[in-house]
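Data file: entry30.txt. Format and content: compact mmCIF, C-alpha atoms and all ligand atoms.
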# COMPACT_ATOMS: atom_id res chain seq x y z
CA MET A 20 27.77 -0.78 108.34
CA LYS A 21 28.36 -0.79 104.59
CA ILE A 22 31.57 -2.64 103.83
CA PRO A 23 33.56 -0.73 101.19
CA SER A 24 34.18 -2.90 98.12
CA PRO A 25 37.40 -3.33 96.13
CA THR A 26 36.06 -0.64 93.76
CA HIS A 27 35.57 1.79 96.64
CA ILE A 28 39.01 0.97 98.02
CA SER A 29 40.63 1.43 94.60
CA ARG A 30 39.21 4.94 94.32
CA ILE A 31 40.64 5.83 97.72
CA LEU A 32 44.02 4.28 96.96
CA LYS A 33 44.44 6.73 94.08
CA TYR A 34 45.46 9.18 96.79
CA TYR A 35 48.04 6.80 98.16
CA ASP A 36 51.04 8.30 96.38
CA PHE A 37 50.22 11.70 97.69
CA PHE A 38 50.41 10.63 101.33
CA LYS A 39 52.96 7.86 100.96
CA GLU A 40 56.03 9.70 102.12
CA PRO A 41 55.53 11.88 105.17
CA GLY A 42 56.70 15.36 104.37
CA SER A 43 56.93 14.80 100.62
CA ARG A 44 54.18 16.51 98.66
CA TYR A 45 51.91 16.97 101.63
CA SER A 46 54.09 19.31 103.62
CA ARG A 47 54.17 22.78 105.03
CA GLU A 48 56.31 23.96 102.07
CA ASP A 49 53.21 23.52 99.90
CA ASP A 50 51.40 26.11 101.88
CA PRO A 51 53.90 28.19 103.83
CA VAL A 52 51.55 30.85 105.06
CA MET A 53 49.44 28.47 107.10
CA ILE A 54 50.40 26.88 110.35
CA ASP A 55 50.71 23.10 110.49
CA SER A 56 47.33 22.27 111.89
CA TYR A 57 45.55 24.28 109.23
CA ILE A 58 47.22 22.81 106.19
CA TYR A 59 44.55 21.83 103.74
CA SER A 60 45.86 21.03 100.34
CA PHE A 61 43.46 20.51 97.48
CA GLU A 62 44.31 16.78 97.51
CA LEU A 63 43.39 16.43 101.15
CA PHE A 64 40.10 18.18 100.54
CA GLN A 65 39.40 15.81 97.64
CA LEU A 66 40.35 12.78 99.68
CA VAL A 67 37.91 13.71 102.42
CA ASN A 68 35.13 14.08 99.86
CA LYS A 69 35.98 10.71 98.41
CA LEU A 70 35.93 9.09 101.83
CA TYR A 71 32.33 10.19 102.15
CA MET A 72 31.41 9.00 98.67
CA GLU A 73 33.06 5.59 98.94
CA ASN A 74 31.49 4.42 102.22
CA PHE A 75 34.51 5.17 104.38
CA ILE A 76 32.71 7.71 106.55
CA GLN A 77 29.77 6.17 108.35
CA GLU A 78 28.45 5.28 111.79
CA TYR A 79 30.41 8.06 113.41
CA LYS A 80 30.95 7.67 117.14
CA GLN A 81 32.53 10.52 119.05
CA SER A 82 35.01 8.46 120.94
CA TYR A 83 37.22 6.12 119.03
CA ARG A 84 40.39 4.25 119.73
CA LEU A 85 43.06 3.66 117.20
CA PRO A 86 43.32 -0.13 116.76
CA GLU A 87 46.43 -1.38 118.51
CA ASN A 88 47.86 -2.63 115.30
CA LEU A 89 46.73 -0.67 112.26
CA GLU A 90 48.76 -3.03 110.07
CA GLU A 91 46.36 -5.86 110.88
CA ALA A 92 43.07 -3.99 111.40
CA ASP A 93 39.99 -5.16 109.53
CA ILE A 94 38.01 -3.00 107.13
CA CYS A 95 35.34 -2.15 109.73
CA SER A 96 37.91 -0.81 112.19
CA LEU A 97 39.51 1.28 109.45
CA VAL A 98 36.15 2.75 108.49
CA ARG A 99 35.49 3.63 112.13
CA VAL A 100 38.89 5.30 112.52
CA LEU A 101 38.56 7.35 109.33
CA SER A 102 35.00 8.37 110.26
CA ALA A 103 36.09 9.50 113.68
CA VAL A 104 39.16 11.41 112.52
CA VAL A 105 37.43 13.23 109.68
CA MET A 106 34.40 14.14 111.79
CA ALA A 107 36.55 15.27 114.72
CA ASP A 108 38.56 17.43 112.32
CA ARG A 109 35.40 19.32 111.39
CA TYR A 110 35.15 20.63 114.94
CA SER A 111 38.77 20.86 115.79
CA LYS A 112 40.81 21.70 112.72
CA GLY A 113 44.18 20.04 112.54
CA ILE A 114 43.31 16.60 113.87
CA LEU A 115 43.40 15.09 110.40
CA SER A 116 46.68 16.83 109.57
CA GLN A 117 48.17 15.50 112.75
CA PHE A 118 46.92 12.03 111.96
CA ILE A 119 48.67 12.23 108.58
CA ALA A 120 51.83 13.71 110.00
CA GLN A 121 52.02 10.80 112.45
CA GLY A 122 52.04 8.41 109.51
CA ASN A 123 48.69 6.83 110.41
CA LEU A 124 47.00 7.55 107.09
CA ARG A 125 49.91 5.89 105.33
CA LYS A 126 49.46 2.81 107.52
CA ILE A 127 45.75 2.76 106.69
CA PHE A 128 46.49 2.97 102.96
CA ASN A 129 48.98 0.11 103.29
CA ARG A 130 46.44 -2.01 105.09
CA LEU A 131 43.70 -1.12 102.58
CA SER A 132 45.90 -2.35 99.72
CA GLU A 133 46.23 -5.69 101.49
CA ILE A 134 42.52 -5.89 102.28
CA LYS A 135 41.67 -5.19 98.63
CA LEU A 136 43.82 -8.15 97.57
CA GLU A 137 42.19 -10.37 100.21
CA MET A 138 38.73 -9.38 98.95
CA GLU A 139 39.67 -10.04 95.33
CA ASN A 140 41.12 -13.40 96.33
CA ARG A 141 37.81 -14.39 97.93
CA MET A 142 35.73 -13.11 95.02
CA TYR A 143 37.77 -14.99 92.41
CA GLY A 144 37.70 -17.95 94.78
CA SER A 145 33.91 -17.97 94.82
CA LEU A 146 33.41 -18.09 91.04
CA LEU A 147 36.38 -20.37 90.40
CA GLY A 148 35.31 -22.58 93.33
CA LEU A 149 31.89 -22.95 91.74
CA ALA A 150 33.47 -24.08 88.46
CA VAL A 151 35.95 -26.42 90.19
CA GLY A 152 33.16 -28.09 92.21
CA ASP A 153 31.10 -28.48 89.05
CA ALA A 154 34.05 -29.96 87.10
CA LEU A 155 34.91 -32.39 89.91
CA GLY A 156 31.34 -33.63 90.25
CA VAL A 157 30.24 -33.85 86.65
CA SER A 158 31.89 -37.22 86.01
CA VAL A 159 29.77 -38.89 88.71
CA GLU A 160 26.54 -36.98 88.12
CA PHE A 161 23.48 -39.26 88.39
CA LYS A 162 25.49 -42.09 90.02
CA SER A 163 24.31 -43.59 93.31
CA PRO A 164 26.51 -42.90 96.31
CA GLY A 165 29.04 -45.70 96.84
CA SER A 166 28.58 -47.09 93.31
CA PHE A 167 31.79 -45.50 91.95
CA PRO A 168 35.43 -45.30 93.04
CA PRO A 169 35.84 -42.12 95.10
CA VAL A 170 36.59 -39.01 93.05
CA GLU A 171 39.99 -37.55 93.90
CA ASP A 172 40.60 -35.33 90.88
CA TYR A 173 39.00 -34.29 87.60
CA GLN A 174 38.13 -37.47 85.73
CA GLY A 175 36.41 -36.69 82.45
CA GLY A 176 33.87 -39.07 80.95
CA GLY A 177 30.55 -39.27 82.79
CA THR A 178 27.12 -38.89 81.22
CA HIS A 179 28.22 -35.98 79.02
CA ASN A 180 31.57 -37.51 78.07
CA LEU A 181 33.60 -34.43 78.95
CA ASP A 182 37.35 -33.99 79.16
CA ALA A 183 38.87 -33.78 82.64
CA GLY A 184 38.52 -30.23 83.99
CA GLU A 185 35.48 -29.36 81.87
CA TRP A 186 32.37 -28.08 83.60
CA SER A 187 28.62 -28.03 82.92
CA ASP A 188 25.48 -25.87 82.99
CA ASP A 189 26.07 -24.69 86.56
CA THR A 190 29.18 -22.76 85.55
CA SER A 191 27.83 -21.62 82.16
CA LEU A 192 24.76 -20.06 83.79
CA ALA A 193 26.81 -18.47 86.58
CA LEU A 194 29.09 -16.92 83.95
CA ALA A 195 26.07 -15.68 82.00
CA LEU A 196 24.64 -14.07 85.15
CA ALA A 197 28.02 -12.53 86.01
CA GLU A 198 28.44 -11.12 82.53
CA SER A 199 24.93 -9.71 82.55
CA LEU A 200 25.46 -7.91 85.87
CA SER A 201 28.71 -6.29 84.74
CA LYS A 202 27.66 -5.48 81.17
CA SER A 203 24.22 -4.16 82.16
CA LYS A 204 25.78 -2.35 85.16
CA GLY A 205 23.18 -3.89 87.41
CA PHE A 206 20.29 -6.27 87.58
CA ASP A 207 18.49 -6.66 84.24
CA PRO A 208 16.36 -9.86 84.14
CA GLN A 209 15.64 -9.50 80.42
CA ASP A 210 19.33 -9.39 79.64
CA GLN A 211 19.97 -12.39 81.90
CA MET A 212 17.32 -14.44 80.13
CA GLU A 213 18.72 -13.48 76.71
CA ARG A 214 22.13 -14.77 77.80
CA TYR A 215 20.70 -17.98 79.28
CA LEU A 216 18.77 -18.47 76.05
CA ALA A 217 21.90 -17.94 73.95
CA TRP A 218 23.53 -20.67 76.04
CA TYR A 219 20.55 -23.02 75.57
CA ARG A 220 20.12 -22.44 71.85
CA GLU A 221 23.66 -21.63 70.68
CA GLY A 222 26.00 -22.95 73.38
CA TYR A 223 27.12 -19.45 74.39
CA LEU A 224 29.50 -19.72 77.40
CA ALA A 225 29.27 -23.51 77.25
CA VAL A 226 32.59 -25.22 77.86
CA ASN A 227 32.64 -26.91 74.46
CA GLY A 228 30.29 -24.66 72.52
CA SER A 229 27.05 -26.54 73.02
CA CYS A 230 24.43 -26.89 75.75
CA PHE A 231 24.55 -30.52 76.89
CA ASP A 232 23.13 -30.42 80.41
CA ILE A 233 20.01 -28.49 81.37
CA GLY A 234 17.60 -28.82 84.27
CA LYS A 235 13.95 -29.37 83.38
CA THR A 236 12.74 -26.30 85.27
CA THR A 237 15.31 -24.04 83.61
CA GLN A 238 14.50 -25.47 80.18
CA GLN A 239 10.77 -24.91 80.71
CA ALA A 240 11.35 -21.34 81.87
CA LEU A 241 13.53 -20.53 78.86
CA GLU A 242 10.95 -21.94 76.48
CA ASN A 243 8.22 -19.94 78.23
CA TYR A 244 10.37 -16.84 77.87
CA GLU A 245 10.80 -17.40 74.14
CA VAL A 246 7.01 -17.32 73.78
CA THR A 247 6.00 -14.64 76.28
CA GLY A 248 9.05 -12.38 76.60
CA ASP A 249 8.36 -12.19 80.36
CA PRO A 250 11.71 -12.59 82.14
CA TYR A 251 10.14 -13.73 85.41
CA CYS A 252 8.65 -16.91 84.10
CA GLY A 253 10.14 -19.49 86.48
CA LEU A 254 7.84 -22.26 87.61
CA ASP A 255 6.58 -22.47 91.18
CA HIS A 256 4.88 -25.84 91.56
CA GLU A 257 6.16 -28.42 94.05
CA ARG A 258 8.24 -30.40 91.53
CA SER A 259 10.03 -27.24 90.45
CA ALA A 260 11.76 -26.77 93.84
CA GLY A 261 15.10 -27.76 92.33
CA ASN A 262 18.63 -26.43 92.73
CA GLY A 263 18.94 -24.75 89.30
CA SER A 264 19.06 -21.15 90.53
CA LEU A 265 21.05 -21.91 93.69
CA MET A 266 23.92 -23.36 91.63
CA ARG A 267 24.55 -20.13 89.67
CA LEU A 268 24.17 -17.66 92.55
CA ALA A 269 27.72 -16.44 93.34
CA PRO A 270 27.73 -13.42 90.98
CA ILE A 271 24.98 -11.78 93.10
CA PRO A 272 26.91 -11.52 96.39
CA ILE A 273 30.09 -10.64 94.48
CA TYR A 274 28.43 -7.80 92.55
CA TYR A 275 26.40 -6.56 95.54
CA PHE A 276 29.30 -7.05 97.93
CA SER A 277 28.67 -3.82 99.91
CA ASN A 278 24.92 -3.95 99.78
CA LEU A 279 23.07 -6.27 102.16
CA GLU A 280 19.63 -5.15 101.03
CA GLY A 281 20.71 -5.60 97.42
CA VAL A 282 21.89 -9.15 98.04
CA ILE A 283 18.59 -10.12 99.66
CA ARG A 284 16.53 -8.50 96.92
CA TYR A 285 18.49 -9.66 93.91
CA ALA A 286 19.24 -13.18 95.15
CA ARG A 287 15.48 -13.65 95.13
CA LEU A 288 14.87 -11.96 91.78
CA SER A 289 17.79 -13.80 90.16
CA SER A 290 15.96 -17.01 90.94
CA CYS A 291 12.57 -15.77 89.72
CA THR A 292 13.74 -15.89 86.11
CA THR A 293 13.75 -19.69 86.20
CA HIS A 294 12.66 -20.91 89.66
CA GLN A 295 9.89 -19.23 91.66
CA HIS A 296 9.05 -21.86 94.25
CA PRO A 297 9.02 -20.02 97.63
CA LEU A 298 11.47 -22.47 99.17
CA VAL A 299 13.94 -21.94 96.33
CA LEU A 300 13.68 -18.16 96.71
CA GLN A 301 14.45 -18.37 100.42
CA CYS A 302 17.33 -20.80 99.89
CA CYS A 303 18.88 -18.40 97.37
CA GLN A 304 18.58 -15.53 99.85
CA TYR A 305 20.13 -17.59 102.63
CA LEU A 306 23.06 -18.89 100.59
CA SER A 307 23.77 -15.45 99.15
CA LEU A 308 24.06 -14.03 102.68
CA LEU A 309 26.46 -16.81 103.61
CA ILE A 310 28.60 -16.16 100.51
CA GLN A 311 28.57 -12.43 101.13
CA GLY A 312 29.64 -12.99 104.75
CA ALA A 313 32.43 -15.30 103.60
CA LEU A 314 33.56 -12.62 101.11
CA TRP A 315 33.70 -10.18 104.00
CA GLY A 316 35.99 -12.58 105.87
CA LYS A 317 33.56 -13.81 108.54
CA SER A 318 34.52 -16.95 110.44
CA LYS A 319 32.87 -20.28 109.70
CA THR A 320 31.44 -20.41 113.22
CA GLU A 321 29.79 -17.03 112.82
CA LEU A 322 28.45 -17.76 109.33
CA LEU A 323 26.95 -21.10 110.28
CA SER A 324 25.36 -19.86 113.49
CA ALA A 325 21.57 -19.59 113.44
CA ASP A 326 22.14 -16.17 115.01
CA TYR A 327 24.31 -14.79 112.18
CA ALA A 328 23.37 -11.11 112.37
CA PRO A 329 22.52 -10.20 108.73
CA TYR A 330 20.43 -13.31 108.55
CA LYS A 331 18.52 -12.42 111.69
CA THR A 332 17.98 -8.89 110.43
CA TYR A 333 16.89 -9.65 106.89
CA LEU A 334 15.39 -13.14 106.99
CA HIS A 335 13.22 -13.63 110.01
CA HIS A 336 13.01 -17.10 111.47
CA ASP A 337 9.23 -16.77 111.70
CA ASP A 338 8.90 -16.18 107.97
CA LEU A 339 11.07 -19.11 106.97
CA LEU A 340 9.66 -22.26 105.52
CA GLU A 341 10.15 -25.16 107.88
CA GLU A 342 12.54 -27.13 105.66
CA LEU A 343 14.94 -24.18 105.43
CA GLU A 344 14.61 -23.32 109.11
CA GLU A 345 15.86 -26.83 109.95
CA VAL A 346 18.94 -26.29 107.81
CA VAL A 347 19.55 -22.85 109.28
CA GLN A 348 19.37 -24.40 112.74
CA GLY A 349 22.19 -26.73 111.69
CA SER A 350 20.56 -30.00 110.55
CA TYR A 351 23.73 -30.74 108.53
CA LYS A 352 25.88 -30.53 111.66
CA ARG A 353 24.15 -33.56 113.16
CA LYS A 354 23.42 -35.64 110.05
CA ASN A 355 25.63 -37.79 107.86
CA PRO A 356 25.06 -39.82 104.68
CA PRO A 357 22.75 -41.56 103.86
CA GLU A 358 20.61 -38.95 105.63
CA ILE A 359 22.61 -36.32 103.74
CA ARG A 360 21.81 -36.75 100.06
CA ALA A 361 22.85 -34.83 96.98
CA SER A 362 19.48 -35.01 95.29
CA GLY A 363 18.33 -32.24 92.97
CA HIS A 364 15.83 -30.90 95.51
CA VAL A 365 16.89 -27.44 96.62
CA ILE A 366 16.94 -28.21 100.35
CA LYS A 367 18.79 -31.48 99.94
CA SER A 368 21.43 -29.83 97.75
CA LEU A 369 21.90 -26.92 100.13
CA GLU A 370 22.07 -29.20 103.15
CA ALA A 371 24.63 -31.47 101.44
CA ALA A 372 26.83 -28.53 100.44
CA LEU A 373 26.73 -27.09 103.97
CA TRP A 374 27.46 -30.54 105.41
CA ALA A 375 30.64 -30.72 103.31
CA PHE A 376 31.60 -27.14 104.23
CA TYR A 377 31.00 -27.63 107.95
CA HIS A 378 32.70 -31.01 108.35
CA SER A 379 35.91 -30.15 106.48
CA ASN A 380 38.98 -28.02 107.09
CA ASN A 381 39.99 -26.90 103.63
CA PHE A 382 38.58 -26.42 100.13
CA LYS A 383 39.83 -29.75 98.78
CA GLU A 384 38.55 -31.93 101.61
CA GLY A 385 35.04 -30.45 101.48
CA ALA A 386 34.86 -30.48 97.67
CA LEU A 387 35.62 -34.20 97.58
CA MET A 388 33.06 -34.86 100.33
CA ALA A 389 30.45 -32.96 98.30
CA VAL A 390 30.99 -34.62 94.93
CA ASN A 391 31.46 -38.13 96.33
CA LEU A 392 27.81 -38.00 97.39
CA GLY A 393 27.08 -38.76 93.71
CA GLU A 394 23.57 -38.04 92.37
CA ASP A 395 23.51 -34.31 91.53
CA ALA A 396 27.23 -34.22 92.29
CA ASP A 397 28.22 -31.39 89.94
CA THR A 398 25.58 -29.03 91.32
CA VAL A 399 26.26 -29.86 94.97
CA GLY A 400 29.94 -29.38 94.09
CA ALA A 401 29.10 -25.98 92.57
CA ILE A 402 27.01 -24.89 95.56
CA TYR A 403 29.75 -25.98 97.95
CA GLY A 404 32.44 -24.44 95.74
CA GLN A 405 30.97 -20.94 95.60
CA LEU A 406 30.72 -20.74 99.39
CA ALA A 407 33.98 -22.52 100.21
CA GLY A 408 35.80 -20.64 97.44
CA ALA A 409 34.62 -17.34 98.97
CA TYR A 410 35.71 -18.56 102.38
CA TYR A 411 39.16 -19.99 101.54
CA GLY A 412 39.86 -17.69 98.57
CA GLU A 413 41.37 -18.55 95.19
CA THR A 414 44.66 -19.32 96.93
CA GLY A 415 42.86 -21.94 99.04
CA ILE A 416 41.84 -23.95 95.95
CA PRO A 417 44.48 -26.58 95.03
CA GLN A 418 46.69 -25.13 92.31
CA PRO A 419 46.56 -28.26 90.08
CA TRP A 420 42.75 -27.98 90.04
CA LEU A 421 42.98 -24.34 88.96
CA ASP A 422 45.64 -25.14 86.36
CA LYS A 423 43.58 -27.91 84.79
CA LEU A 424 40.23 -26.11 84.94
CA ALA A 425 38.83 -25.65 81.43
CA ARG A 426 38.64 -22.03 80.23
CA LYS A 427 40.02 -20.72 83.50
CA ASP A 428 41.09 -17.46 81.85
CA LEU A 429 37.54 -16.82 80.68
CA ILE A 430 36.17 -17.35 84.20
CA HIS A 431 38.87 -15.08 85.59
CA SER A 432 38.18 -12.27 83.16
CA ILE A 433 34.40 -12.45 83.62
CA CYS A 434 34.97 -12.33 87.38
CA GLN A 435 37.32 -9.35 87.03
CA ASP A 436 34.61 -7.43 85.16
CA LEU A 437 32.15 -8.38 87.87
CA ILE A 438 34.44 -7.03 90.62
CA TYR A 439 35.34 -3.88 88.66
CA PRO A 440 32.32 -3.28 86.42
CA GLU A 441 33.25 0.19 85.19
MG MG A 501 25.42 -29.54 85.77
Translate the structure of the given file into structure tokens.
Amino acid sequence: MKIPSPTHISRILKYYDFFKEPGSRYSREDDPVMIDSYIYSFELFQLVNKLYMENFIQEYKQSYRLPENLEEADICSLVRVLSAVVMADRYSKGILSQFIAQGNLRKIFNRLSEIKLEMENRMYGSLLGLAVGDALGVSVEFKSPGSFPPVEDYQGGGTHNLDAGEWSDDTSLALALAESLSKSKGFDPQDQMERYLAWYREGYLAVNGSCFDIGKTTQQALENYEVTGDPYCGLDHERSAGNGSLMRLAPIPIYYFSNLEGVIRYARLSSCTTHQHPLVLQCCQYLSLLIQGALWGKSKTELLSADYAPYKTYLHHDDLLEELEEVVQGSYKRKNPPEIRASGHVIKSLEAALWAFYHSNNFKEGALMAVNLGEDADTVGAIYGQLAGAYYGETGIPQPWLDKLARKDLIHSICQDLIYPE
């Protein structure tokens, strides 16, 4: 089933006013010559068309049951109800009118408004969570685990001598990818590379106006791009299996929220611009499915199961490289530091971020577990943050961390454009 996105929901909610009050504008007085069950106003006709266009009519099954409590139904149940009612109305005119007259459409609209806010909360949470994890970890980047007093808040200082709440390349590149997707209205690798290059050469979207932290593989790819103009110029040798494309991934599942095939395809291609090692490509696909599932509101148990359905459908266990298959089977559930390490290798970073996500109960607890691993702390923080932020939502991130996050308004507005690109 395609999950309707906040954009789809917004287009449907434009009809909300019309059906808000039973018997107001949609009433028999509008069309006195017709009997009740045949009332079809122009607005109702338009609404039905929109329901088709915006993914609300799909997977029609002849028998359906109204959820016991429409006020708390999830988006999938609402799609099933609307599909069933509209399709049934085609064969037996009046069913939809009756449904409206009983106030059920109004209840669905109410619930959709709430669901839209929940989705937005998770989407903002993912991008802000990425930045918060980055900003928490950057002060202890490159430090050995246990060699520093535990991080409890933004600290400032560190290798790049930043102010507390400032973030690094992980966030800059994620913002560049997000901006490219919304401004290009889709996936344009050339445009992405131009934005990454503007960051590298001119400090575009850098927290303090200059590029001060760049991974070797990303740097090499950008310099190759300057010479060749080929946007897919990421390296693929063994030493290039780093975490540089995994750390900036969140914009892909946010932008392709409703589109499972799109997430799988573009998570891979979004890595190819700078990192083309097969293991990196698979890790990006896996994490993007997890983030997308979290954005949809899936439970942690379901997401972290090796049987998670979208994963089984789109990434076959047989095709997976062994290192990733171990993680998918839950290696991080059994291990602890020092076996869990926040090194820059893609598998180690992913495993460490999932370890923090799995063994914690809220955003803050897991974020501190992730960054206190030291080493590539900002990137493991960013990988954790984009998943945990999607899962707990913006409202699950401690308010003081959001308040003190550098350029929070910029991140928010870039994310808003990503959610509502038109
Ligand atoms: Mg960094």
- For each of A:Cys302, A:Val170, A:Met266, A:Ile134, take the minimum atom-to-atom distance to ligand MG 501 (chain A), counting all atoms listed in the file, then give the residue where this is smallest. A:Met266
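With all atoms listed in the file as the atoms that count, the residue of A:Ser350, A:Gln65, A:Ser24, A:Ser96 with the shortest distance to Tyr275 in chain A is A:Ser24.
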- Task: Report as number ranges by chain which protein, DNA and RNA residues come within 9 Å of ligand MG 501 (chain A), using only C-alpha atoms and all ligand atoms.
- Result: A: 153-154, 156-157, 160, 186-190, 231-234, 263, 266, 395-398, 401
May I have a table of the residues of range 46-153 of chain A lying at most 10 Å from range 373-390 of chain A, giving each one's closest pair of atoms and their distance in Å to one decimal, counting all atoms listed in the file, ordered by chain and ascending residue number, as a tab-separated table?
residue	atom	partner	partner_atom	distance
A:Gly148	CA	A:Phe382	CA	8.5
A:Val151	CA	A:Ala386	CA	8.6
A:Gly152	CA	A:Ala386	CA	6.2
A:Asp153	CA	A:Val390	CA	8.5
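Counting all atoms listed in the file, the residue from A:Gln211, A:Gln238, A:Ser307, A:Thr320 that sits nearest to Leu268 in chain A is A:Ser307.
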- Pick from A:Glu345, A:His364, A:Thr247, A:Ala183: nearest to Asp422 in chain A, with only C-alpha atoms counted? A:Ala183
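Nearest residue to Ala409 in chain A among A:Ser132, A:Ser145, A:Thr292, A:Ser166 is A:Ser145, counting only C-alpha atoms.
Across the model, the gap from CA of Arg214 in chain A to CA of Ala195 in chain A is 5.8 Å.
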- Leaving out Gln301 in chain A and any residue of its chain fewer than 5 positions from it, which residues lie within 12 Å of it when counting all atoms listed in the file, given as a PyMOL selection string? chain A and resi 260+262+264-265+283-291+294-296+306-308+330+333-336+338-344+346-347+365-366+369
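Taking CA of Phe75 in chain A and CA of Asn278 in chain A as the two end points, the separation is 14.0 Å.
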- Which residue out of A:Leu147, A:Ala103, A:Leu155, A:Ala325 has the minimum interatomic distance to Gln435 in chain A when only C-alpha atoms are used? A:Leu147
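Within a radius of 12 Å around (40.2, -12.6, 85.7), the polymer residues are A:Glu139, A:Asn140, A:Met142, A:Tyr143, A:Gly144, A:Leu146, A:Leu147, A:Glu413, A:Arg426, A:Lys427, A:Asp428, A:Leu429, A:Ile430, A:His431, A:Ser432, A:Ile433, A:Cys434, A:Gln435, A:Asp436, A:Leu437, A:Ile438, A:Tyr439, counting only C-alpha atoms.
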